[in-house]
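Okay, upload-v6.cif now, which holds mmCIF, N, CA, C and O atoms:
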```
data_work
#
loop_
_atom_site.group_PDB
_atom_site.id
_atom_site.type_symbol
_atom_site.label_atom_id
_atom_site.label_comp_id
_atom_site.auth_asym_id
_atom_site.auth_seq_id
_atom_site.Cartn_x
_atom_site.Cartn_y
_atom_site.Cartn_z
ATOM 1 N N MET Y 1 19.715 -30.542 11.472
ATOM 2 C CA MET Y 1 19.600 -29.123 11.720
ATOM 3 C C MET Y 1 18.686 -28.515 10.646
ATOM 4 O O MET Y 1 18.863 -28.756 9.469
ATOM 5 N N THR Y 2 17.733 -27.752 11.071
ATOM 6 C CA THR Y 2 16.790 -27.124 10.162
ATOM 7 C C THR Y 2 17.271 -25.732 9.806
ATOM 8 O O THR Y 2 17.675 -24.968 10.669
ATOM 9 N N GLU Y 3 17.208 -25.428 8.515
ATOM 10 C CA GLU Y 3 17.586 -24.091 8.065
ATOM 11 C C GLU Y 3 16.331 -23.312 7.728
ATOM 12 O O GLU Y 3 15.399 -23.843 7.135
ATOM 13 N N PHE Y 4 16.309 -22.069 8.139
ATOM 14 C CA PHE Y 4 15.194 -21.194 7.828
ATOM 15 C C PHE Y 4 15.687 -20.107 6.896
ATOM 16 O O PHE Y 4 16.717 -19.487 7.146
ATOM 17 N N SER Y 5 14.960 -19.898 5.834
ATOM 18 C CA SER Y 5 15.334 -18.800 4.951
ATOM 19 C C SER Y 5 14.629 -17.544 5.440
ATOM 20 O O SER Y 5 13.492 -17.584 5.889
ATOM 21 N N THR Y 6 15.328 -16.463 5.389
ATOM 22 C CA THR Y 6 14.734 -15.198 5.795
ATOM 23 C C THR Y 6 14.293 -14.462 4.540
ATOM 24 O O THR Y 6 15.108 -14.132 3.684
ATOM 25 N N LEU Y 7 13.017 -14.274 4.437
ATOM 26 C CA LEU Y 7 12.475 -13.542 3.295
ATOM 27 C C LEU Y 7 12.388 -12.073 3.657
ATOM 28 O O LEU Y 7 11.897 -11.717 4.718
ATOM 29 N N SER Y 8 12.864 -11.249 2.762
ATOM 30 C CA SER Y 8 12.749 -9.822 3.022
ATOM 31 C C SER Y 8 11.322 -9.389 2.676
ATOM 32 O O SER Y 8 10.706 -9.935 1.766
ATOM 33 N N PRO Y 9 10.784 -8.430 3.414
ATOM 34 C CA PRO Y 9 9.423 -7.977 3.125
ATOM 35 C C PRO Y 9 9.354 -7.339 1.743
ATOM 36 O O PRO Y 9 10.357 -6.810 1.246
ATOM 37 N N PRO Y 10 8.194 -7.377 1.116
ATOM 38 C CA PRO Y 10 8.088 -6.753 -0.213
ATOM 39 C C PRO Y 10 8.252 -5.242 -0.121
ATOM 40 O O PRO Y 10 8.044 -4.646 0.938
ATOM 41 N N GLU Y 11 8.618 -4.663 -1.206
ATOM 42 C CA GLU Y 11 8.718 -3.212 -1.275
ATOM 43 C C GLU Y 11 7.306 -2.620 -1.300
ATOM 44 O O GLU Y 11 6.395 -3.233 -1.863
ATOM 45 N N PRO Y 12 7.113 -1.442 -0.732
ATOM 46 C CA PRO Y 12 5.783 -0.826 -0.744
ATOM 47 C C PRO Y 12 5.203 -0.693 -2.157
ATOM 48 O O PRO Y 12 4.006 -0.851 -2.355
ATOM 49 N N THR Y 13 6.060 -0.439 -3.139
ATOM 50 C CA THR Y 13 5.587 -0.261 -4.512
ATOM 51 C C THR Y 13 5.096 -1.560 -5.140
ATOM 52 O O THR Y 13 4.373 -1.531 -6.127
ATOM 53 N N GLU Y 14 5.456 -2.702 -4.586
ATOM 54 C CA GLU Y 14 5.070 -3.996 -5.150
ATOM 55 C C GLU Y 14 3.756 -4.524 -4.598
ATOM 56 O O GLU Y 14 3.098 -5.342 -5.231
ATOM 57 N N VAL Y 15 3.362 -4.063 -3.433
ATOM 58 C CA VAL Y 15 2.223 -4.650 -2.715
ATOM 59 C C VAL Y 15 0.912 -4.487 -3.476
ATOM 60 O O VAL Y 15 0.182 -5.457 -3.693
ATOM 61 N N LEU Y 16 0.568 -3.281 -3.874
ATOM 62 C CA LEU Y 16 -0.721 -3.055 -4.509
ATOM 63 C C LEU Y 16 -0.761 -3.540 -5.953
ATOM 64 O O LEU Y 16 -1.807 -3.968 -6.436
ATOM 65 N N VAL Y 17 0.367 -3.512 -6.631
ATOM 66 C CA VAL Y 17 0.431 -3.998 -8.009
ATOM 67 C C VAL Y 17 0.057 -5.474 -8.082
ATOM 68 O O VAL Y 17 -0.556 -5.926 -9.044
ATOM 69 N N SER Y 18 0.393 -6.213 -7.055
ATOM 70 C CA SER Y 18 0.112 -7.647 -7.034
ATOM 71 C C SER Y 18 -1.138 -7.987 -6.219
ATOM 72 O O SER Y 18 -1.370 -9.143 -5.900
ATOM 73 N N SER Y 19 -1.948 -6.986 -5.905
ATOM 74 C CA SER Y 19 -3.152 -7.203 -5.105
ATOM 75 C C SER Y 19 -4.157 -8.096 -5.828
ATOM 76 O O SER Y 19 -4.275 -8.061 -7.055
ATOM 77 N N ALA Y 20 -4.897 -8.869 -5.052
ATOM 78 C CA ALA Y 20 -5.980 -9.686 -5.613
ATOM 79 C C ALA Y 20 -7.169 -8.816 -6.017
ATOM 80 O O ALA Y 20 -8.033 -9.263 -6.758
ATOM 81 N N LEU Y 21 -7.199 -7.585 -5.531
ATOM 82 C CA LEU Y 21 -8.292 -6.669 -5.848
ATOM 83 C C LEU Y 21 -7.898 -5.754 -7.007
ATOM 84 O O LEU Y 21 -7.000 -4.920 -6.861
ATOM 85 N N PRO Y 22 -8.542 -5.878 -8.141
ATOM 86 C CA PRO Y 22 -8.157 -5.064 -9.303
ATOM 87 C C PRO Y 22 -8.276 -3.565 -9.059
ATOM 88 O O PRO Y 22 -7.534 -2.787 -9.648
ATOM 89 N N GLN Y 23 -9.170 -3.148 -8.172
ATOM 90 C CA GLN Y 23 -9.332 -1.716 -7.892
ATOM 91 C C GLN Y 23 -8.099 -1.111 -7.229
ATOM 92 O O GLN Y 23 -7.885 0.094 -7.283
ATOM 93 N N LEU Y 24 -7.287 -1.946 -6.589
ATOM 94 C CA LEU Y 24 -6.092 -1.442 -5.907
ATOM 95 C C LEU Y 24 -4.856 -1.458 -6.802
ATOM 96 O O LEU Y 24 -3.882 -0.761 -6.519
ATOM 97 N N ARG Y 25 -4.890 -2.214 -7.880
ATOM 98 C CA ARG Y 25 -3.695 -2.370 -8.727
ATOM 99 C C ARG Y 25 -3.300 -1.100 -9.462
ATOM 100 O O ARG Y 25 -2.146 -0.950 -9.856
ATOM 101 N N HIS Y 26 -4.231 -0.195 -9.685
ATOM 102 C CA HIS Y 26 -3.913 1.031 -10.420
ATOM 103 C C HIS Y 26 -3.457 2.179 -9.515
ATOM 104 O O HIS Y 26 -3.073 3.237 -10.002
ATOM 105 N N LEU Y 27 -3.501 1.983 -8.211
ATOM 106 C CA LEU Y 27 -3.037 3.031 -7.300
ATOM 107 C C LEU Y 27 -1.527 3.190 -7.408
ATOM 108 O O LEU Y 27 -0.809 2.236 -7.700
ATOM 109 N N VAL Y 28 -1.065 4.387 -7.170
ATOM 110 C CA VAL Y 28 0.363 4.698 -7.281
ATOM 111 C C VAL Y 28 0.960 4.805 -5.884
ATOM 112 O O VAL Y 28 0.425 5.500 -5.021
ATOM 113 N N VAL Y 29 2.075 4.115 -5.676
ATOM 114 C CA VAL Y 29 2.787 4.178 -4.396
ATOM 115 C C VAL Y 29 4.148 4.818 -4.656
ATOM 116 O O VAL Y 29 4.927 4.319 -5.457
ATOM 117 N N THR Y 30 4.399 5.924 -3.983
ATOM 118 C CA THR Y 30 5.660 6.648 -4.118
ATOM 119 C C THR Y 30 6.409 6.542 -2.793
ATOM 120 O O THR Y 30 5.824 6.733 -1.731
ATOM 121 N N VAL Y 31 7.701 6.256 -2.883
ATOM 122 C CA VAL Y 31 8.505 6.024 -1.687
ATOM 123 C C VAL Y 31 9.718 6.949 -1.686
ATOM 124 O O VAL Y 31 10.370 7.134 -2.707
ATOM 125 N N ASN Y 32 10.002 7.534 -0.529
ATOM 126 C CA ASN Y 32 11.281 8.213 -0.325
ATOM 127 C C ASN Y 32 11.815 7.794 1.037
ATOM 128 O O ASN Y 32 11.256 6.901 1.669
ATOM 129 N N ASP Y 33 12.870 8.407 1.505
ATOM 130 C CA ASP Y 33 13.504 7.987 2.757
ATOM 131 C C ASP Y 33 12.609 8.109 3.978
ATOM 132 O O ASP Y 33 12.748 7.343 4.927
ATOM 133 N N SER Y 34 11.680 9.063 3.977
ATOM 134 C CA SER Y 34 10.895 9.316 5.177
ATOM 135 C C SER Y 34 9.418 8.963 5.082
ATOM 136 O O SER Y 34 8.732 8.925 6.093
ATOM 137 N N GLU Y 35 8.906 8.735 3.859
ATOM 138 C CA GLU Y 35 7.481 8.459 3.761
ATOM 139 C C GLU Y 35 7.112 7.603 2.557
ATOM 140 O O GLU Y 35 7.857 7.500 1.591
ATOM 141 N N VAL Y 36 5.919 7.018 2.679
ATOM 142 C CA VAL Y 36 5.313 6.248 1.593
ATOM 143 C C VAL Y 36 3.969 6.910 1.322
ATOM 144 O O VAL Y 36 3.167 7.098 2.235
ATOM 145 N N VAL Y 37 3.727 7.283 0.060
ATOM 146 C CA VAL Y 37 2.506 7.998 -0.295
ATOM 147 C C VAL Y 37 1.707 7.146 -1.286
ATOM 148 O O VAL Y 37 2.238 6.693 -2.294
ATOM 149 N N ILE Y 38 0.428 6.947 -0.982
ATOM 150 C CA ILE Y 38 -0.475 6.239 -1.885
ATOM 151 C C ILE Y 38 -1.399 7.270 -2.512
ATOM 152 O O ILE Y 38 -2.014 8.070 -1.806
ATOM 153 N N THR Y 39 -1.506 7.260 -3.845
ATOM 154 C CA THR Y 39 -2.389 8.184 -4.546
ATOM 155 C C THR Y 39 -3.213 7.426 -5.583
ATOM 156 O O THR Y 39 -2.864 6.323 -5.993
ATOM 157 N N GLY Y 40 -4.300 8.043 -5.984
ATOM 158 C CA GLY Y 40 -5.185 7.461 -6.983
ATOM 159 C C GLY Y 40 -6.623 7.582 -6.532
ATOM 160 O O GLY Y 40 -6.937 8.343 -5.611
ATOM 161 N N ARG Y 41 -7.499 6.808 -7.187
ATOM 162 C CA ARG Y 41 -8.935 6.841 -6.859
ATOM 163 C C ARG Y 41 -9.479 5.441 -6.709
ATOM 164 O O ARG Y 41 -9.096 4.534 -7.457
ATOM 165 N N VAL Y 42 -10.382 5.288 -5.768
ATOM 166 C CA VAL Y 42 -11.113 4.037 -5.565
ATOM 167 C C VAL Y 42 -12.584 4.389 -5.348
ATOM 168 O O VAL Y 42 -12.903 5.520 -4.966
ATOM 169 N N PRO Y 43 -13.499 3.431 -5.552
ATOM 170 C CA PRO Y 43 -14.923 3.731 -5.415
ATOM 171 C C PRO Y 43 -15.473 3.675 -3.988
ATOM 172 O O PRO Y 43 -16.651 3.964 -3.789
ATOM 173 N N SER Y 44 -14.669 3.303 -2.996
ATOM 174 C CA SER Y 44 -15.210 3.219 -1.626
ATOM 175 C C SER Y 44 -14.116 3.489 -0.594
ATOM 176 O O SER Y 44 -12.926 3.288 -0.839
ATOM 177 N N TYR Y 45 -14.577 3.911 0.587
ATOM 178 C CA TYR Y 45 -13.652 4.124 1.701
ATOM 179 C C TYR Y 45 -13.066 2.795 2.186
ATOM 180 O O TYR Y 45 -11.944 2.743 2.684
ATOM 181 N N TYR Y 46 -13.817 1.741 2.015
ATOM 182 C CA TYR Y 46 -13.329 0.409 2.385
ATOM 183 C C TYR Y 46 -12.083 0.051 1.572
ATOM 184 O O TYR Y 46 -11.079 -0.412 2.134
ATOM 185 N N LEU Y 47 -12.119 0.294 0.265
ATOM 186 C CA LEU Y 47 -10.949 -0.006 -0.574
ATOM 187 C C LEU Y 47 -9.776 0.915 -0.245
ATOM 188 O O LEU Y 47 -8.620 0.492 -0.286
ATOM 189 N N LYS Y 48 -10.065 2.154 0.111
ATOM 190 C CA LYS Y 48 -8.996 3.072 0.533
ATOM 191 C C LYS Y 48 -8.294 2.515 1.767
ATOM 192 O O LYS Y 48 -7.063 2.505 1.849
ATOM 193 N N GLN Y 49 -9.085 2.030 2.719
ATOM 194 C CA GLN Y 49 -8.528 1.445 3.947
ATOM 195 C C GLN Y 49 -7.747 0.169 3.646
ATOM 196 O O GLN Y 49 -6.680 -0.066 4.214
ATOM 197 N N LEU Y 50 -8.268 -0.674 2.755
ATOM 198 C CA LEU Y 50 -7.552 -1.904 2.394
ATOM 199 C C LEU Y 50 -6.189 -1.594 1.781
ATOM 200 O O LEU Y 50 -5.201 -2.277 2.073
ATOM 201 N N ALA Y 51 -6.134 -0.582 0.930
ATOM 202 C CA ALA Y 51 -4.857 -0.187 0.322
ATOM 203 C C ALA Y 51 -3.869 0.236 1.397
ATOM 204 O O ALA Y 51 -2.698 -0.175 1.392
ATOM 205 N N GLN Y 52 -4.332 1.040 2.319
ATOM 206 C CA GLN Y 52 -3.476 1.522 3.400
ATOM 207 C C GLN Y 52 -2.938 0.371 4.240
ATOM 208 O O GLN Y 52 -1.741 0.306 4.537
ATOM 209 N N GLU Y 53 -3.820 -0.535 4.617
ATOM 210 C CA GLU Y 53 -3.396 -1.640 5.480
ATOM 211 C C GLU Y 53 -2.535 -2.658 4.737
ATOM 212 O O GLU Y 53 -1.719 -3.339 5.354
ATOM 213 N N ALA Y 54 -2.680 -2.758 3.436
ATOM 214 C CA ALA Y 54 -1.821 -3.653 2.657
ATOM 215 C C ALA Y 54 -0.386 -3.139 2.617
ATOM 216 O O ALA Y 54 0.576 -3.916 2.648
ATOM 217 N N VAL Y 55 -0.240 -1.832 2.569
ATOM 218 C CA VAL Y 55 1.093 -1.213 2.484
ATOM 219 C C VAL Y 55 1.750 -1.088 3.859
ATOM 220 O O VAL Y 55 2.971 -1.142 3.981
ATOM 221 N N ARG Y 56 0.962 -0.956 4.898
ATOM 222 C CA ARG Y 56 1.494 -0.686 6.250
ATOM 223 C C ARG Y 56 2.638 -1.615 6.693
ATOM 224 O O ARG Y 56 3.642 -1.138 7.224
ATOM 225 N N PRO Y 57 2.569 -2.937 6.475
ATOM 226 C CA PRO Y 57 3.662 -3.806 6.945
ATOM 227 C C PRO Y 57 5.017 -3.547 6.273
ATOM 228 O O PRO Y 57 6.045 -3.995 6.749
ATOM 229 N N THR Y 58 5.024 -2.797 5.183
ATOM 230 C CA THR Y 58 6.269 -2.547 4.452
ATOM 231 C C THR Y 58 6.915 -1.220 4.817
ATOM 232 O O THR Y 58 7.943 -0.861 4.253
ATOM 233 N N LEU Y 59 6.329 -0.481 5.750
ATOM 234 C CA LEU Y 59 6.786 0.885 6.032
ATOM 235 C C LEU Y 59 8.167 0.976 6.657
ATOM 236 O O LEU Y 59 8.907 1.904 6.355
ATOM 237 N N GLY Y 60 8.501 0.079 7.548
ATOM 238 C CA GLY Y 60 9.752 0.236 8.283
ATOM 239 C C GLY Y 60 9.667 1.494 9.125
ATOM 240 O O GLY Y 60 8.711 1.693 9.867
ATOM 241 N N HIS Y 61 10.621 2.389 8.984
ATOM 242 C CA HIS Y 61 10.673 3.634 9.763
ATOM 243 C C HIS Y 61 9.907 4.783 9.099
ATOM 244 O O HIS Y 61 9.786 5.860 9.667
ATOM 245 N N ARG Y 62 9.393 4.576 7.893
ATOM 246 C CA ARG Y 62 8.726 5.648 7.145
ATOM 247 C C ARG Y 62 7.279 5.833 7.599
ATOM 248 O O ARG Y 62 6.642 4.909 8.067
ATOM 249 N N ARG Y 63 6.761 7.026 7.401
ATOM 250 C CA ARG Y 63 5.352 7.279 7.707
ATOM 251 C C ARG Y 63 4.516 7.074 6.445
ATOM 252 O O ARG Y 63 5.023 7.184 5.324
ATOM 253 N N LEU Y 64 3.249 6.801 6.637
ATOM 254 C CA LEU Y 64 2.341 6.522 5.533
ATOM 255 C C LEU Y 64 1.389 7.680 5.321
ATOM 256 O O LEU Y 64 0.748 8.152 6.267
ATOM 257 N N LEU Y 65 1.300 8.150 4.090
ATOM 258 C CA LEU Y 65 0.333 9.178 3.711
ATOM 259 C C LEU Y 65 -0.634 8.558 2.715
ATOM 260 O O LEU Y 65 -0.233 8.140 1.631
ATOM 261 N N ASN Y 66 -1.894 8.478 3.090
ATOM 262 C CA ASN Y 66 -2.915 7.903 2.219
ATOM 263 C C ASN Y 66 -3.664 9.048 1.557
ATOM 264 O O ASN Y 66 -4.553 9.653 2.144
ATOM 265 N N ARG Y 67 -3.308 9.345 0.331
ATOM 266 C CA ARG Y 67 -3.925 10.449 -0.414
ATOM 267 C C ARG Y 67 -4.875 9.916 -1.483
ATOM 268 O O ARG Y 67 -5.146 10.601 -2.481
ATOM 269 N N VAL Y 68 -5.379 8.729 -1.275
ATOM 270 C CA VAL Y 68 -6.321 8.122 -2.202
ATOM 271 C C VAL Y 68 -7.658 8.851 -2.096
ATOM 272 O O VAL Y 68 -8.143 9.117 -1.004
ATOM 273 N N GLU Y 69 -8.237 9.180 -3.253
ATOM 274 C CA GLU Y 69 -9.539 9.836 -3.289
ATOM 275 C C GLU Y 69 -10.623 8.784 -3.469
ATOM 276 O O GLU Y 69 -10.435 7.817 -4.185
ATOM 277 N N VAL Y 70 -11.749 9.014 -2.831
ATOM 278 C CA VAL Y 70 -12.900 8.139 -2.992
ATOM 279 C C VAL Y 70 -13.879 8.839 -3.928
ATOM 280 O O VAL Y 70 -14.317 9.952 -3.660
ATOM 281 N N SER Y 71 -14.166 8.183 -5.034
ATOM 282 C CA SER Y 71 -15.050 8.749 -6.033
ATOM 283 C C SER Y 71 -15.944 7.638 -6.572
ATOM 284 O O SER Y 71 -15.456 6.665 -7.144
ATOM 285 N N ARG Y 72 -17.214 7.796 -6.388
ATOM 286 C CA ARG Y 72 -18.161 6.758 -6.828
ATOM 287 C C ARG Y 72 -18.457 6.836 -8.321
ATOM 288 O O ARG Y 72 -19.120 5.975 -8.853
ATOM 289 N N SER Y 73 -17.976 7.852 -9.002
ATOM 290 C CA SER Y 73 -18.259 7.957 -10.434
ATOM 291 C C SER Y 73 -17.226 7.278 -11.295
ATOM 292 O O SER Y 73 -16.183 6.925 -10.916
#
```
Represent the structure contained in this file as structure tokens.
Amino acid sequence: MTEFSTLSPPEPTEVLVSSALPQLRHLVVTVNDSEVVITGRVPSYYLKQLAQEAVRPTLGHRRLLNRVEVSRS
């Protein structure tokens, strides 16, 4: 008989901290009962989208607010 371990999904706050992309590691993820909010700055819209999609699988019933600013400076 084969046993399967059930891994719980990571917490939204853990996803970006452990990202392979250093630009995403400094973003702040705040969680409450109804929403997950990502804040901070990145140099491109592509990185903003990557942050959002990295967090999305951890949402459960909560909504996602991506308040990351794109600033090339």
Nearest-residue call for Arg25 of chain Y, choices Y:Val37, Y:Leu59, Y:Val70, Y:Leu47, using only C-alpha atoms: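 Nearest candidate to Arg25 of chain Y out of Y:Val37, Y:Leu59, Y:Val70, Y:Leu47: Y:Leu47.
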Just the number, please: distance in Å from atom CA of Leu21 of chain Y to atom CA of Asp33 of chain Y, one decimal. 27.6 Å
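Minimum atom-to-atom distance to Arg41 of chain Y, evaluated using only N, CA, C and O atoms, belongs to Y:Leu24 out of Y:Val29, Y:Leu24, Y:Val55, Y:Leu65.
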Selection result for the PyMOL selection byres (((chain Y and resi 62 and name CA) around 9) and name CA) on this file, as a ChimeraX atom specification: /Y:31-36,58-61,63-64
With DSSP run on the backbone, what are the strand (DSSP E) residues within chain Y? I'd like them as an NGL selection string. :Y and (28-31 or 35-42 or 63-70)
How big is the axis-aligned box around all listed atoms of segment 16-20 of chain Y once 3 Å goes on each side, and where's its centre, in Å to one decimal, as JSON?
```
{"center_x": -3.7, "center_y": -6.4, "center_z": -6.5, "size_x": 14.6, "size_y": 12.6, "size_z": 11.2}
```
Could you list, as a list in words, every residue matched by the PyMOL selection byres (((chain Y and resi 69 and name CA) around 8) and name CA) in this structure?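 When the PyMOL selection byres (((chain Y and resi 69 and name CA) around 8) and name CA) is applied, the selected residues are Thr39, Gly40, Arg41, Val42, Lys48, Arg67, Val68, Val70 and Ser71 of chain Y.
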What's the separation between atom CA of Leu16 of chain Y and atom CA of Val28 of chain Y, in Å to one decimal place?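 Rounded to one decimal, the two atoms are 8.3 Å apart.
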Quick one: pull the distance between atom N of Pro57 of chain Y and atom CA of Glu11 of chain Y, Å, one decimal.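 Calculated distance between atom N of Pro57 of chain Y and atom CA of Glu11 of chain Y is 9.9 Å.
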